[in-house]
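Structure file final.cif with mmCIF, C-alpha atoms:
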```
data_coords
loop_
_atom_site.label_atom_id
_atom_site.label_comp_id
_atom_site.auth_asym_id
_atom_site.auth_seq_id
_atom_site.Cartn_x
_atom_site.Cartn_y
_atom_site.Cartn_z
CA MET A 1 21.20 -10.92 17.62
CA TYR A 2 17.48 -10.49 18.16
CA HIS A 3 16.84 -10.50 14.44
CA PHE A 4 18.61 -13.84 14.25
CA GLN A 5 16.44 -15.11 17.09
CA SER A 6 13.26 -14.03 15.26
CA ALA A 7 14.43 -15.87 12.19
CA VAL A 8 15.08 -19.01 14.21
CA VAL A 9 11.63 -18.85 15.78
CA ALA A 10 10.03 -18.27 12.37
CA ALA A 11 11.89 -21.27 10.98
CA ALA A 12 10.76 -23.39 13.92
CA VAL A 13 7.15 -22.29 13.39
CA ALA A 14 7.40 -23.02 9.68
CA LEU A 15 8.74 -26.47 10.48
CA ALA A 16 5.89 -27.01 12.93
CA VAL A 17 3.27 -26.04 10.36
CA PHE A 18 4.67 -28.33 7.74
CA SER A 19 5.96 -31.30 9.68
CA SER A 20 4.32 -31.60 13.08
CA PRO A 21 3.64 -35.21 13.89
CA GLY A 22 0.12 -34.37 15.13
CA VAL A 23 -0.94 -32.87 11.80
CA ALA A 24 -0.86 -34.48 8.43
CA ALA A 25 1.59 -32.07 6.80
CA ASP A 26 -0.20 -32.02 3.47
CA ASN A 27 -3.72 -32.32 4.67
CA PRO A 28 -4.81 -30.82 8.00
CA SER A 29 -8.57 -31.14 8.58
CA ASP A 30 -10.95 -28.15 8.56
CA PRO A 31 -11.31 -28.15 12.40
CA GLN A 32 -7.49 -28.18 12.67
CA ILE A 33 -7.10 -25.44 10.02
CA ALA A 34 -9.65 -23.27 11.84
CA HIS A 35 -7.74 -23.79 15.10
CA ILE A 36 -4.35 -22.96 13.57
CA ALA A 37 -5.63 -19.79 11.86
CA TYR A 38 -7.47 -18.62 14.99
CA THR A 39 -4.42 -19.35 17.17
CA ALA A 40 -2.15 -17.35 14.86
CA GLY A 41 -4.57 -14.41 15.23
CA VAL A 42 -4.67 -14.69 19.03
CA ILE A 43 -0.84 -14.72 19.12
CA ASP A 44 -0.53 -11.61 16.97
CA ILE A 45 -3.13 -9.76 19.06
CA ALA A 46 -1.27 -10.64 22.29
CA THR A 47 2.06 -9.47 20.83
CA ALA A 48 0.43 -6.25 19.58
CA LYS A 49 -1.05 -5.58 23.03
CA LEU A 50 2.45 -5.96 24.50
CA ALA A 51 3.69 -3.41 21.94
CA LEU A 52 0.90 -1.01 22.94
CA LYS A 53 2.03 -1.31 26.57
CA LYS A 54 5.72 -0.84 25.85
CA SER A 55 6.22 1.27 22.73
CA HIS A 56 6.14 5.07 22.57
CA ASN A 57 6.80 5.18 18.82
CA LYS A 58 3.73 6.58 17.02
CA ALA A 59 4.16 4.47 13.86
CA VAL A 60 4.82 1.28 15.83
CA ARG A 61 1.78 1.90 18.03
CA ALA A 62 -0.42 2.59 14.97
CA PHE A 63 0.79 -0.67 13.41
CA ALA A 64 0.06 -2.58 16.64
CA GLU A 65 -3.44 -1.06 16.74
CA ASP A 66 -3.95 -2.21 13.13
CA MET A 67 -2.92 -5.75 14.14
CA VAL A 68 -5.37 -5.87 17.05
CA ARG A 69 -8.24 -4.46 14.93
CA ASP A 70 -7.73 -6.69 11.88
CA HIS A 71 -6.86 -9.97 13.61
CA GLN A 72 -9.79 -9.51 16.00
CA ALA A 73 -12.13 -8.90 13.03
CA VAL A 74 -10.83 -12.01 11.22
CA ASN A 75 -11.10 -14.14 14.37
CA ASP A 76 -14.63 -12.87 15.08
CA LYS A 77 -15.57 -13.81 11.52
CA ALA A 78 -13.91 -17.23 11.93
CA LEU A 79 -15.79 -17.88 15.19
CA ALA A 80 -19.10 -16.96 13.56
CA LEU A 81 -18.30 -19.27 10.64
CA VAL A 82 -17.38 -22.33 12.72
CA LYS A 83 -20.54 -21.80 14.77
CA LYS A 84 -22.63 -21.63 11.59
CA LEU A 85 -20.95 -24.73 10.19
CA HIS A 86 -21.22 -26.59 13.52
CA VAL A 87 -17.47 -27.16 13.44
CA THR A 88 -15.47 -27.37 16.67
CA PRO A 89 -11.91 -26.11 16.15
CA GLU A 90 -9.51 -28.91 17.06
CA ASP A 91 -6.29 -28.27 18.96
CA ASN A 92 -3.31 -29.84 17.28
CA ALA A 93 0.48 -30.02 17.36
CA THR A 94 0.89 -27.06 14.98
CA SER A 95 -1.29 -24.78 17.15
CA GLN A 96 0.54 -25.93 20.29
CA SER A 97 3.92 -25.31 18.70
CA LEU A 98 2.82 -21.84 17.53
CA VAL A 99 1.69 -20.95 21.06
CA SER A 100 4.83 -22.26 22.75
CA GLN A 101 7.16 -20.46 20.31
CA ALA A 102 5.17 -17.25 20.65
CA ASP A 103 5.26 -17.41 24.46
CA THR A 104 9.07 -17.59 24.34
CA GLU A 105 9.20 -14.77 21.80
CA ARG A 106 6.90 -12.57 23.86
CA ALA A 107 8.92 -13.20 27.03
CA ASP A 108 12.08 -12.13 25.17
CA LEU A 109 10.35 -9.02 23.80
CA GLY A 110 9.18 -8.17 27.32
CA LYS A 111 12.80 -7.79 28.43
CA LEU A 112 13.47 -5.07 25.85
CA SER A 113 12.49 -1.41 25.85
CA GLY A 114 12.69 1.75 23.75
CA LYS A 115 14.14 1.51 20.25
CA ALA A 116 15.43 -2.03 20.85
CA PHE A 117 11.88 -3.17 21.62
CA ASP A 118 10.40 -1.36 18.59
CA LYS A 119 12.89 -2.92 16.22
CA ALA A 120 12.55 -6.40 17.70
CA TYR A 121 8.74 -6.21 17.67
CA VAL A 122 8.58 -5.11 14.03
CA ASP A 123 11.21 -7.63 12.92
CA ASN A 124 9.23 -10.30 14.71
CA GLU A 125 6.05 -9.19 12.92
CA VAL A 126 7.83 -9.45 9.56
CA ALA A 127 9.01 -12.98 10.36
CA PHE A 128 5.66 -14.06 11.84
CA HIS A 129 3.57 -12.79 8.92
CA LYS A 130 5.97 -14.32 6.40
CA THR A 131 5.53 -17.68 8.11
CA VAL A 132 1.77 -17.45 8.54
CA ASP A 133 1.18 -16.11 5.01
CA ASN A 134 3.30 -18.91 3.58
CA ALA A 135 1.49 -21.54 5.64
CA LEU A 136 -1.89 -20.16 4.49
CA GLU A 137 -0.87 -20.09 0.85
CA THR A 138 0.85 -23.45 0.60
CA THR A 139 -0.89 -25.61 3.21
CA LEU A 140 -3.98 -24.25 4.94
CA ILE A 141 -5.91 -22.78 1.98
CA PRO A 142 -5.24 -25.73 -0.39
CA SER A 143 -6.21 -28.18 2.38
CA ALA A 144 -9.47 -26.45 3.41
CA SER A 145 -12.40 -28.43 2.08
CA ASN A 146 -15.30 -26.15 3.11
CA SER A 147 -15.68 -23.36 0.55
CA GLU A 148 -16.65 -20.69 3.11
CA LEU A 149 -13.63 -21.53 5.29
CA LYS A 150 -11.39 -21.46 2.21
CA SER A 151 -12.82 -18.08 1.18
CA LEU A 152 -12.30 -16.62 4.68
CA LEU A 153 -8.70 -17.87 4.69
CA GLN A 154 -8.15 -16.30 1.26
CA THR A 155 -9.46 -12.93 2.49
CA GLY A 156 -7.32 -13.37 5.60
CA LEU A 157 -4.26 -13.94 3.42
CA LYS A 158 -4.96 -10.69 1.53
CA ILE A 159 -5.21 -8.81 4.85
CA PHE A 160 -2.09 -10.46 6.28
CA ALA A 161 -0.07 -9.93 3.09
CA GLY A 162 -0.83 -6.23 3.58
CA HIS A 163 0.37 -6.53 7.19
CA LEU A 164 3.64 -8.04 5.96
CA GLN A 165 4.20 -5.14 3.52
CA HIS A 166 3.31 -2.65 6.25
CA ALA A 167 5.71 -4.34 8.72
CA GLU A 168 8.52 -4.48 6.15
CA HIS A 169 8.04 -0.77 5.38
CA LEU A 170 8.10 0.04 9.10
CA ALA A 171 11.19 -2.14 9.64
CA SER A 172 13.06 -0.24 6.91
CA LYS A 173 12.24 3.06 8.65
CA LEU A 174 13.40 1.83 12.06
CA LYS A 175 16.89 0.89 10.81
CA MET B 1 -57.26 32.30 -8.57
CA ARG B 2 -56.10 31.36 -5.11
CA THR B 3 -55.51 27.77 -6.24
CA PHE B 4 -53.48 29.02 -9.19
CA VAL B 5 -51.26 31.11 -6.89
CA ARG B 6 -50.79 28.14 -4.59
CA GLN B 7 -49.86 25.86 -7.52
CA ALA B 8 -47.43 28.45 -8.88
CA ALA B 9 -45.81 28.77 -5.46
CA VAL B 10 -45.42 25.00 -5.15
CA LEU B 11 -43.92 24.87 -8.65
CA LEU B 12 -41.48 27.65 -7.78
CA LEU B 13 -40.43 25.89 -4.58
CA LEU B 14 -39.91 22.65 -6.52
CA GLN B 15 -37.75 24.45 -9.07
CA ILE B 16 -35.61 25.98 -6.31
CA ALA B 17 -35.24 22.56 -4.67
CA CYS B 18 -34.20 20.97 -7.98
CA ALA B 19 -31.72 23.76 -8.71
CA ARG B 20 -30.18 23.31 -5.27
CA ALA B 21 -29.92 19.54 -5.77
CA GLY B 22 -28.14 20.18 -9.08
CA ALA B 23 -25.71 22.60 -7.47
CA ALA B 24 -24.90 20.02 -4.80
CA GLY B 25 -23.35 17.80 -7.47
CA GLU B 26 -23.49 14.07 -7.97
CA ILE B 27 -22.58 11.22 -5.71
CA VAL B 28 -19.88 8.99 -7.16
CA GLN B 29 -19.37 5.61 -5.52
CA VAL B 30 -16.06 3.87 -4.81
CA LYS B 31 -16.47 0.31 -3.57
CA ILE B 32 -14.07 -1.29 -1.14
CA ASN B 33 -13.89 -5.02 -1.61
CA ASP B 34 -11.17 -7.53 -0.79
CA LEU B 35 -8.73 -4.85 0.35
CA ALA B 36 -8.96 -2.66 -2.75
CA PHE B 37 -10.63 0.60 -3.83
CA SER B 38 -12.70 0.10 -6.98
CA PRO B 39 -12.44 1.96 -9.27
CA THR B 40 -8.93 2.88 -8.20
CA GLU B 41 -9.07 6.18 -10.11
CA ILE B 42 -12.12 8.41 -10.57
CA THR B 43 -12.68 11.76 -12.24
CA ILE B 44 -15.41 14.02 -10.86
CA LYS B 45 -16.71 17.60 -11.16
CA PRO B 46 -16.21 20.29 -8.52
CA GLY B 47 -19.05 19.94 -6.01
CA ASP B 48 -19.42 16.18 -6.52
CA THR B 49 -19.37 13.88 -3.50
CA VAL B 50 -17.42 10.63 -3.29
CA GLU B 51 -19.11 7.84 -1.37
CA TRP B 52 -16.93 4.94 -0.22
CA VAL B 53 -18.85 1.72 0.43
CA ASN B 54 -16.97 -0.83 2.53
CA ALA B 55 -18.03 -4.39 1.68
CA ASP B 56 -15.17 -5.90 3.73
CA PHE B 57 -15.49 -7.08 7.34
CA VAL B 58 -12.53 -4.98 8.51
CA ASP B 59 -12.29 -1.21 9.10
CA HIS B 60 -10.82 0.94 6.36
CA THR B 61 -10.03 4.61 5.93
CA ALA B 62 -9.80 6.91 2.94
CA THR B 63 -6.94 9.22 3.92
CA ALA B 64 -5.36 11.92 1.77
CA THR B 65 -1.63 11.44 1.22
CA GLY B 66 -0.33 14.21 3.46
CA GLY B 67 -3.29 13.85 5.80
CA SER B 68 -5.46 16.85 4.77
CA TRP B 69 -8.56 14.64 5.08
CA ASP B 70 -9.21 11.32 6.77
CA ILE B 71 -12.43 9.31 6.66
CA LEU B 72 -13.18 6.14 8.62
CA ILE B 73 -15.36 3.58 6.85
CA GLY B 74 -16.51 0.77 9.15
CA PRO B 75 -17.27 -2.79 7.97
CA GLY B 76 -20.45 -2.82 5.88
CA LYS B 77 -20.73 0.98 6.20
CA SER B 78 -20.33 3.90 3.85
CA ALA B 79 -18.92 7.41 4.22
CA ARG B 80 -18.87 10.51 2.01
CA ARG B 81 -16.73 13.54 1.26
CA LYS B 82 -17.50 16.46 -1.03
CA PHE B 83 -14.76 17.77 -3.33
CA ASP B 84 -15.08 21.44 -4.32
CA LYS B 85 -11.65 22.36 -5.62
CA PRO B 86 -10.19 21.17 -8.93
CA GLY B 87 -7.04 19.07 -8.61
CA THR B 88 -5.76 15.57 -7.97
CA SER B 89 -5.97 13.88 -4.57
CA LYS B 90 -4.04 10.71 -3.92
CA TYR B 91 -5.34 8.71 -0.99
CA TYR B 92 -4.75 5.44 0.85
CA CYS B 93 -6.10 3.35 3.72
CA ARG B 94 -4.21 4.18 6.93
CA PHE B 95 -4.84 0.67 8.25
CA HIS B 96 -3.79 -1.06 5.02
CA PRO B 97 -1.33 1.32 3.31
CA ASN B 98 -1.05 -0.87 0.21
CA MET B 99 -4.66 0.14 -0.63
CA THR B 100 -4.44 3.32 -2.70
CA GLY B 101 -6.69 5.45 -4.91
CA ILE B 102 -6.79 8.70 -6.89
CA ILE B 103 -9.55 11.32 -7.19
CA ARG B 104 -9.28 13.84 -10.02
CA VAL B 105 -11.54 16.89 -9.78
CA ARG B 106 -11.98 18.51 -13.21
CA LYS B 107 -11.75 22.28 -13.70
#
```
Is it possible to give me this structure as structure tokens?
Amino acid sequence: MYHFQSAVVAAAVALAVFSSPGVAADNPSDPQIAHIAYTAGVIDIATAKLALKKSHNKAVRAFAEDMVRDHQAVNDKALALVKKLHVTPEDNATSQSLVSQADTERADLGKLSGKAFDKAYVDNEVAFHKTVDNALETTLIPSASNSELKSLLQTGLKIFAGHLQHAEHLASKLK
Amino acid sequence: MRTFVRQAAVLLLLQIACARAGAAGEIVQVKINDLAFSPTEITIKPGDTVEWVNADFVDHTATATGGSWDILIGPGKSARRKFDKPGTSKYYCRFHPNMTGIIRVRK
């Protein structure tokens, strides 16, 4: 049931990234791209912090710590870059949709505990990283016009692709 | 005469220092860039030291499969480990398990 819910949320997020009325689906601007990427990082950190509060599973906790460490490092780098480029990240419909979906997801996760929480959290991480990685690869990276922003997003994609593999491996162990 | 003795002593000390440096082995670098160990596989002599240099902006580790050794390498930092015993060590990054490497220590 929860797995199905994660898939629905992921599909909704994917739809938001590609077809939100507030963002040109094919061509979000650099300030919008920076905002979307940063927001995705903030969401994953918040979900990981929830996992660190609730989970007692060593592997799940280690994964959540990895998420906090890496997404914080990427977001710190992104903040330094936008400051250097004098770019102000611009809120947009995709970011707003990501936040609202994630809030619902986190509230649902908060109701679970023990093994049910661990499985739901990791399944959610698989779905979330699939969506974000796909959005980076097909929309955000091709649309980024500044070369340094594009390069940071490309490094981010490499890091997040690793997270997806790690989450999938963990999910297979929790079954 | 005294100067000669002093020079001989200095020379002897230098030779000892050089011999010790030789015994300590070489330092072999493995770079970490864009979430990969490079070179992925290295072959070294017993007593050589591997130095991992992390050019990424995220933390990495070099961790033996099985966990017999575990080294944290911060962003922009480097860390070393000496390998004395012949054999093959497979390792990975605990934070990014798809990053893997192999160290072969010759006999």
Query raised in the report: Where does the PyMOL selection byres ((chain B and resi 95) around 12) land in this file, that is, which residues does it pick, as number ranges by chain?
Result: A: 59, 61-70, 159-160, 162-163, 165-167; B: 35, 58-63, 70-74, 92-94, 96-100
Report task. Apply the PyMOL selection byres ((chain A and resi 141) around 10) to the displayed file and report the matching residues as a list in words. Result -> Asp30, Ile33, Ala135, Leu136, Glu137, Thr138, Thr139, Leu140, Pro142, Ser143, Ala144, Ser145, Ser147, Leu149, Lys150, Ser151, Leu152, Leu153, Gln154 and Leu157 of chain A
Query - Residue neighbourhood range 115-117 of chain A, 9 Å, all atoms listed in the file, exclusion window fewer than 6 positions, as a ChimeraX atom specification - result: /A:51,54-55,57,109,174
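Of the residues listed (B:Ala36, B:Ile27, B:Ile42, B:Val105), B:Ala36 shows the shortest atom-to-atom separation from chain A; distances use all atoms listed in the file.
Across the structure, CA of Val122 in chain A and CA of Arg106 in chain A are spaced 12.5 Å apart.
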Starting from the displayed file, determine the output of the PyMOL selection byres ((chain A and resi 36) around 8) and express the residue list as a PDB file with C-alpha atoms, in the coordinates of the input.
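Listed below is the output, expr.pdb:
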```pdb
ATOM      1  CA  GLN A  32      -7.490 -28.180  12.670  1.00  0.00           C
ATOM      2  CA  ILE A  33      -7.100 -25.440  10.020  1.00  0.00           C
ATOM      3  CA  ALA A  34      -9.650 -23.270  11.840  1.00  0.00           C
ATOM      4  CA  HIS A  35      -7.740 -23.790  15.100  1.00  0.00           C
ATOM      5  CA  ALA A  37      -5.630 -19.790  11.860  1.00  0.00           C
ATOM      6  CA  TYR A  38      -7.470 -18.620  14.990  1.00  0.00           C
ATOM      7  CA  THR A  39      -4.420 -19.350  17.170  1.00  0.00           C
ATOM      8  CA  ALA A  40      -2.150 -17.350  14.860  1.00  0.00           C
ATOM      9  CA  ASP A  91      -6.290 -28.270  18.960  1.00  0.00           C
ATOM     10  CA  ASN A  92      -3.310 -29.840  17.280  1.00  0.00           C
ATOM     11  CA  THR A  94       0.890 -27.060  14.980  1.00  0.00           C
ATOM     12  CA  SER A  95      -1.290 -24.780  17.150  1.00  0.00           C
TER      13      SER A  95
END
```
